[in-house]
$ cat protein.pdb   # PDB, C-alpha atoms
ATOM      1  CA  MET A   1      54.705 -14.720 -55.911  1.00  0.00           C
ATOM      2  CA  ILE A   2      54.235 -14.010 -59.626  1.00  0.00           C
ATOM      3  CA  SER A   3      50.539 -14.913 -59.398  1.00  0.00           C
ATOM      4  CA  PHE A   4      50.193 -12.310 -56.618  1.00  0.00           C
ATOM      5  CA  TYR A   5      51.492  -9.570 -58.951  1.00  0.00           C
ATOM      6  CA  VAL A   6      49.285 -10.811 -61.782  1.00  0.00           C
ATOM      7  CA  LEU A   7      46.223 -10.532 -59.518  1.00  0.00           C
ATOM      8  CA  ILE A   8      47.193  -6.996 -58.500  1.00  0.00           C
ATOM      9  CA  LEU A   9      47.717  -6.012 -62.140  1.00  0.00           C
ATOM     10  CA  VAL A  10      44.353  -7.478 -63.212  1.00  0.00           C
ATOM     11  CA  GLY A  11      42.605  -5.711 -60.319  1.00  0.00           C
ATOM     12  CA  PHE A  12      44.239  -2.419 -61.266  1.00  0.00           C
ATOM     13  CA  MET A  13      43.202  -2.813 -64.907  1.00  0.00           C
ATOM     14  CA  LEU A  14      39.598  -3.576 -63.951  1.00  0.00           C
ATOM     15  CA  SER A  15      39.376  -0.600 -61.612  1.00  0.00           C
ATOM     16  CA  CYS A  16      40.722   1.718 -64.322  1.00  0.00           C
ATOM     17  CA  LYS A  17      38.246   0.352 -66.845  1.00  0.00           C
ATOM     18  CA  SER A  18      35.259   0.721 -64.536  1.00  0.00           C
ATOM     19  CA  SER A  19      36.141   4.281 -63.589  1.00  0.00           C
ATOM     20  CA  SER A  20      36.493   5.374 -67.212  1.00  0.00           C
ATOM     21  CA  SER A  21      33.231   3.716 -68.295  1.00  0.00           C
ATOM     22  CA  SER A  22      31.182   5.703 -65.770  1.00  0.00           C
ATOM     23  CA  THR A  23      31.497   8.793 -67.973  1.00  0.00           C
ATOM     24  CA  GLU A  24      30.287   7.020 -71.109  1.00  0.00           C
ATOM     25  CA  SER A  25      26.722   7.328 -72.332  1.00  0.00           C
ATOM     26  CA  PRO A  26      24.623   4.206 -71.656  1.00  0.00           C
ATOM     27  CA  ARG A  27      24.138   3.778 -75.430  1.00  0.00           C
ATOM     28  CA  ASN A  28      27.938   3.468 -75.788  1.00  0.00           C
ATOM     29  CA  GLN A  29      28.124   0.624 -73.306  1.00  0.00           C
ATOM     30  CA  ASN A  30      27.197  -2.921 -74.214  1.00  0.00           C
ATOM     31  CA  PHE A  31      23.763  -3.139 -72.637  1.00  0.00           C
ATOM     32  CA  ALA A  32      21.409  -5.808 -73.897  1.00  0.00           C
ATOM     33  CA  SER A  33      18.187  -4.521 -75.406  1.00  0.00           C
ATOM     34  CA  ILE A  34      14.731  -5.891 -76.103  1.00  0.00           C
ATOM     35  CA  GLU A  35      12.626  -4.347 -78.839  1.00  0.00           C
ATOM     36  CA  MET A  36       9.038  -4.796 -79.951  1.00  0.00           C
ATOM     37  CA  ILE A  37       7.650  -3.696 -83.302  1.00  0.00           C
ATOM     38  CA  ARG A  38       3.871  -3.645 -83.720  1.00  0.00           C
ATOM     39  CA  THR A  39       2.780  -3.212 -87.346  1.00  0.00           C
ATOM     40  CA  PRO A  40      -0.442  -1.535 -88.518  1.00  0.00           C
ATOM     41  CA  CYS A  41      -3.501  -3.717 -89.034  1.00  0.00           C
ATOM     42  CA  MET A  42      -6.999  -3.393 -90.512  1.00  0.00           C
ATOM     43  CA  HIS A  43      -8.421  -2.430 -87.107  1.00  0.00           C
ATOM     44  CA  PRO A  44      -7.193   0.701 -85.348  1.00  0.00           C
ATOM     45  CA  CYS A  45      -4.241  -1.156 -83.783  1.00  0.00           C
ATOM     46  CA  PRO A  46      -1.527   0.894 -82.100  1.00  0.00           C
ATOM     47  CA  SER A  47       1.538   0.751 -84.337  1.00  0.00           C
ATOM     48  CA  TYR A  48       4.896   1.566 -82.757  1.00  0.00           C
ATOM     49  CA  GLU A  49       8.413   0.438 -81.996  1.00  0.00           C
ATOM     50  CA  ILE A  50       9.738   0.310 -78.455  1.00  0.00           C
ATOM     51  CA  LYS A  51      13.273  -0.544 -77.398  1.00  0.00           C
ATOM     52  CA  VAL A  52      14.320  -0.981 -73.771  1.00  0.00           C
ATOM     53  CA  PHE A  53      17.888  -1.320 -72.581  1.00  0.00           C
ATOM     54  CA  GLU A  54      18.953  -3.223 -69.455  1.00  0.00           C
ATOM     55  CA  ASP A  55      19.767   0.051 -67.695  1.00  0.00           C
ATOM     56  CA  GLY A  56      16.134   1.192 -68.097  1.00  0.00           C
ATOM     57  CA  SER A  57      16.673   3.749 -70.845  1.00  0.00           C
ATOM     58  CA  ALA A  58      14.145   3.388 -73.634  1.00  0.00           C
ATOM     59  CA  GLU A  59      13.156   4.642 -77.061  1.00  0.00           C
ATOM     60  CA  LEU A  60       9.696   4.794 -78.611  1.00  0.00           C
ATOM     61  CA  ILE A  61       8.723   5.529 -82.208  1.00  0.00           C
ATOM     62  CA  GLY A  62       4.973   6.014 -82.528  1.00  0.00           C
ATOM     63  CA  LYS A  63       3.517   5.376 -85.977  1.00  0.00           C
ATOM     64  CA  GLU A  64      -0.296   5.064 -85.854  1.00  0.00           C
ATOM     65  CA  ASN A  65      -3.148   4.959 -83.333  1.00  0.00           C
ATOM     66  CA  THR A  66      -1.017   5.940 -80.362  1.00  0.00           C
ATOM     67  CA  GLN A  67      -0.809   9.173 -78.397  1.00  0.00           C
ATOM     68  CA  TYR A  68       2.926   9.381 -79.084  1.00  0.00           C
ATOM     69  CA  LEU A  69       3.626   9.923 -82.767  1.00  0.00           C
ATOM     70  CA  GLY A  70       7.261  10.267 -83.762  1.00  0.00           C
ATOM     71  CA  LYS A  71      10.440   9.577 -81.802  1.00  0.00           C
ATOM     72  CA  TYR A  72      10.582   9.713 -77.978  1.00  0.00           C
ATOM     73  CA  GLU A  73      12.976   8.807 -75.173  1.00  0.00           C
ATOM     74  CA  GLY A  74      12.212   7.722 -71.645  1.00  0.00           C
ATOM     75  CA  LYS A  75      13.421   6.076 -68.480  1.00  0.00           C
ATOM     76  CA  VAL A  76      11.472   2.966 -67.494  1.00  0.00           C
ATOM     77  CA  ASP A  77      10.225   2.666 -63.938  1.00  0.00           C
ATOM     78  CA  PRO A  78      12.819   0.477 -62.126  1.00  0.00           C
ATOM     79  CA  GLU A  79      10.197  -2.080 -61.025  1.00  0.00           C
ATOM     80  CA  PHE A  80       8.774  -2.405 -64.561  1.00  0.00           C
ATOM     81  CA  ASN A  81      12.308  -2.748 -65.885  1.00  0.00           C
ATOM     82  CA  ARG A  82      13.133  -5.482 -63.361  1.00  0.00           C
ATOM     83  CA  ILE A  83       9.953  -7.390 -64.280  1.00  0.00           C
ATOM     84  CA  LEU A  84      10.656  -7.027 -68.011  1.00  0.00           C
ATOM     85  CA  TRP A  85      14.226  -8.323 -67.798  1.00  0.00           C
ATOM     86  CA  LYS A  86      13.164 -11.192 -65.542  1.00  0.00           C
ATOM     87  CA  SER A  87      10.650 -12.251 -68.205  1.00  0.00           C
ATOM     88  CA  VAL A  88      13.332 -11.931 -70.910  1.00  0.00           C
ATOM     89  CA  ARG A  89      15.763 -14.123 -68.947  1.00  0.00           C
ATOM     90  CA  ASN A  90      13.059 -16.706 -68.193  1.00  0.00           C
ATOM     91  CA  ALA A  91      11.910 -16.933 -71.833  1.00  0.00           C
ATOM     92  CA  ASP A  92      14.991 -18.811 -73.086  1.00  0.00           C
ATOM     93  CA  LEU A  93      14.777 -16.836 -76.340  1.00  0.00           C
ATOM     94  CA  GLU A  94      17.734 -18.554 -77.945  1.00  0.00           C
ATOM     95  CA  LYS A  95      15.752 -21.819 -78.142  1.00  0.00           C
ATOM     96  CA  LYS A  96      12.510 -20.299 -79.470  1.00  0.00           C
ATOM     97  CA  LYS A  97      11.416 -20.578 -83.103  1.00  0.00           C
ATOM     98  CA  ASN A  98      11.735 -17.491 -85.327  1.00  0.00           C
ATOM     99  CA  LYS A  99       8.046 -17.411 -86.365  1.00  0.00           C
ATOM    100  CA  TYR A 100       4.724 -18.296 -84.745  1.00  0.00           C
ATOM    101  CA  GLY A 101       1.154 -18.231 -86.094  1.00  0.00           C
ATOM    102  CA  MET A 102       1.864 -16.363 -89.325  1.00  0.00           C
ATOM    103  CA  GLY A 103      -0.442 -16.033 -92.331  1.00  0.00           C
ATOM    104  CA  ASN A 104      -3.418 -14.000 -91.126  1.00  0.00           C
ATOM    105  CA  GLU A 105      -3.676 -10.986 -93.435  1.00  0.00           C
ATOM    106  CA  ASP A 106      -5.747  -8.765 -91.151  1.00  0.00           C
ATOM    107  CA  THR A 107      -3.948  -9.558 -87.891  1.00  0.00           C
ATOM    108  CA  GLN A 108      -1.257  -7.331 -86.444  1.00  0.00           C
ATOM    109  CA  GLN A 109       2.260  -8.692 -86.818  1.00  0.00           C
ATOM    110  CA  ILE A 110       4.544  -8.283 -83.833  1.00  0.00           C
ATOM    111  CA  SER A 111       8.253  -8.868 -83.644  1.00  0.00           C
ATOM    112  CA  ILE A 112      10.397  -9.144 -80.549  1.00  0.00           C
ATOM    113  CA  LYS A 113      14.120  -8.533 -81.046  1.00  0.00           C
ATOM    114  CA  TYR A 114      16.714  -9.325 -78.415  1.00  0.00           C
ATOM    115  CA  SER A 115      20.244  -7.958 -78.830  1.00  0.00           C
ATOM    116  CA  GLY A 116      22.854  -9.038 -76.331  1.00  0.00           C
ATOM    117  CA  GLN A 117      26.514  -9.819 -76.005  1.00  0.00           C
ATOM    118  CA  ASP A 118      25.883 -13.569 -76.122  1.00  0.00           C
ATOM    119  CA  PHE A 119      23.340 -13.807 -78.975  1.00  0.00           C
ATOM    120  CA  ASN A 120      20.789 -11.911 -81.064  1.00  0.00           C
ATOM    121  CA  LYS A 121      17.298 -13.177 -81.796  1.00  0.00           C
ATOM    122  CA  GLU A 122      14.210 -11.979 -83.667  1.00  0.00           C
ATOM    123  CA  ILE A 123      10.848 -13.660 -83.171  1.00  0.00           C
ATOM    124  CA  ILE A 124       7.912 -12.690 -85.396  1.00  0.00           C
ATOM    125  CA  PHE A 125       4.345 -13.689 -84.598  1.00  0.00           C
ATOM    126  CA  GLN A 126       0.684 -12.956 -85.164  1.00  0.00           C
ATOM    127  CA  SER A 127      -0.797 -15.601 -82.890  1.00  0.00           C
ATOM    128  CA  PHE A 128      -0.050 -18.813 -81.032  1.00  0.00           C
ATOM    129  CA  GLU A 129       3.227 -17.515 -79.593  1.00  0.00           C
ATOM    130  CA  PRO A 130       4.590 -19.233 -76.472  1.00  0.00           C
ATOM    131  CA  ILE A 131       3.403 -17.842 -73.153  1.00  0.00           C
ATOM    132  CA  GLU A 132       6.927 -16.566 -72.370  1.00  0.00           C
ATOM    133  CA  ILE A 133       6.919 -14.444 -75.550  1.00  0.00           C
ATOM    134  CA  ASN A 134       3.431 -13.189 -74.734  1.00  0.00           C
ATOM    135  CA  GLU A 135       4.670 -12.162 -71.282  1.00  0.00           C
ATOM    136  CA  ILE A 136       7.507 -10.103 -72.810  1.00  0.00           C
ATOM    137  CA  GLU A 137       5.006  -8.522 -75.237  1.00  0.00           C
ATOM    138  CA  GLN A 138       2.651  -7.590 -72.401  1.00  0.00           C
ATOM    139  CA  ASN A 139       5.487  -6.136 -70.302  1.00  0.00           C
ATOM    140  CA  LEU A 140       6.691  -4.015 -73.235  1.00  0.00           C
ATOM    141  CA  LYS A 141       3.109  -2.868 -73.858  1.00  0.00           C
ATOM    142  CA  ILE A 142       2.789  -1.769 -70.212  1.00  0.00           C
ATOM    143  CA  ILE A 143       6.096   0.098 -70.471  1.00  0.00           C
ATOM    144  CA  ALA A 144       5.016   1.787 -73.725  1.00  0.00           C
ATOM    145  CA  GLU A 145       1.775   2.968 -72.103  1.00  0.00           C
ATOM    146  CA  ASN A 146       3.161   3.982 -68.694  1.00  0.00           C
ATOM    147  CA  THR A 147       6.531   5.630 -69.318  1.00  0.00           C
ATOM    148  CA  ALA A 148       6.945   9.414 -69.258  1.00  0.00           C
ATOM    149  CA  TRP A 149       8.098   9.874 -72.862  1.00  0.00           C
ATOM    150  CA  THR A 150       9.847  13.035 -73.997  1.00  0.00           C
ATOM    151  CA  LYS A 151      10.980  14.265 -77.394  1.00  0.00           C
ATOM    152  CA  PRO A 152      14.763  13.916 -77.763  1.00  0.00           C
ATOM    153  CA  GLN A 153      16.759  17.118 -77.658  1.00  0.00           C
ATOM    154  CA  GLN A 154      17.850  18.363 -81.045  1.00  0.00           C
ATOM    155  CA  LYS A 155      21.624  18.487 -81.351  1.00  0.00           C
ATOM    156  CA  ASP A 156      23.195  21.636 -82.812  1.00  0.00           C
ATOM    157  CA  GLN A 157      24.769  20.977 -86.155  1.00  0.00           C
TER     158      GLN A 157
END

$ encode --input "protein.pdb" --output "structure tokens"
Amino acid sequence: MISFYVLILVGFMLSCKSSSSSTESPRNQNFASIEMIRTPCMHPCPSYEIKVFEDGSAELIGKENTQYLGKYEGKVDPEFNRILWKSVRNADLEKKKNKYGMGNEDTQQISIKYSGQDFNKEIIFQSFEPIEINEIEQNLKIIAENTAWTKPQQKDQ
């Protein structure tokens, strides 16, 4: 009988929590994110940072050789987002090394950063990265090139 009341109480607490969280901004919730930073190189490489959250919201900071210079926000196409997060889950990032193929001075350095509730991981590479990391890189590149980016609204101060 006591376990019955405990179950009802837990259910009530969960329903209250879920209804209050629906009004929170996605950035305030604990969504995992995947980020890619592409540094400048001696060739005209696109240099930017892109961060995608599990809910599909995204941020882009264009630095060099890209049509988007400065800070932008966007919403990733749901199918692209599904493909990206499938590749992230399949990559087993926690078990990957932190660096791959480093040491080439004129090659673009790329870092992939995963931030989640269970672990955080940063992987830096120039070449010879595992195929699973390359797949994440390619998915983030597609998202960077195919998302409708907009300048964030300036907040009144």

$ atom_distance --input "protein.pdb" --atom1 "CA of Glu137 in chain A" --atom2 "CA of Gln153 in chain A"
28.3 Å

$ resolve_selection --input "protein.pdb" --expression "the PyMOL selection byres ((chain A and resi 99) around 6)" --output "number ranges by chain"
A: 97-98, 100, 123-125

$ write_last_selection --input "protein.pdb" --atoms "C-alpha atoms" --output "PDB file, in the frame of the given file"
ATOM      1  CA  LYS A  97      11.416 -20.578 -83.103  1.00  0.00           C
ATOM      2  CA  ASN A  98      11.735 -17.491 -85.327  1.00  0.00           C
ATOM      3  CA  TYR A 100       4.724 -18.296 -84.745  1.00  0.00           C
ATOM      4  CA  ILE A 123      10.848 -13.660 -83.171  1.00  0.00           C
ATOM      5  CA  ILE A 124       7.912 -12.690 -85.396  1.00  0.00           C
ATOM      6  CA  PHE A 125       4.345 -13.689 -84.598  1.00  0.00           C
TER       7      PHE A 125
END

$ resolve_selection --input "protein.pdb" --expression "the PyMOL selection byres ((chain A and resi 111-117) around 8)" --output "VMD selection string"
chain A and resid 30 to 38 109 to 110 118 to 125 137

$ resolve_selection --input "protein.pdb" --expression "the PyMOL selection byres ((chain A and resi 75) around 6)" --output "JSON, numbers by chain"
{"A": [56, 57, 58, 74, 76]}

$ atom_distance --input "protein.pdb" --atom1 "CA of Glu49 in chain A" --atom2 "CA of Lys63 in chain A"
8.0 Å

$ atom_distance --input "protein.pdb" --atom1 "CA of Leu140 in chain A" --atom2 "CA of Trp85 in chain A"
10.2 Å

$ closest_residue --input "protein.pdb" --among "A:Val88, A:Leu93, A:Leu60, A:Ile136" --to "Pro152 in chain A" --atoms "only C-alpha atoms"
A:Leu60

$ residues_near_point --input "protein.pdb" --point "(1.9, 7.2, -74.5)" --cutoff "9 Å" --atoms "only C-alpha atoms" --output "list in words"
Gly62, Thr66, Gln67, Tyr68, Leu69, Ala144, Glu145, Asn146, Thr147, Ala148 and Trp149 of chain A
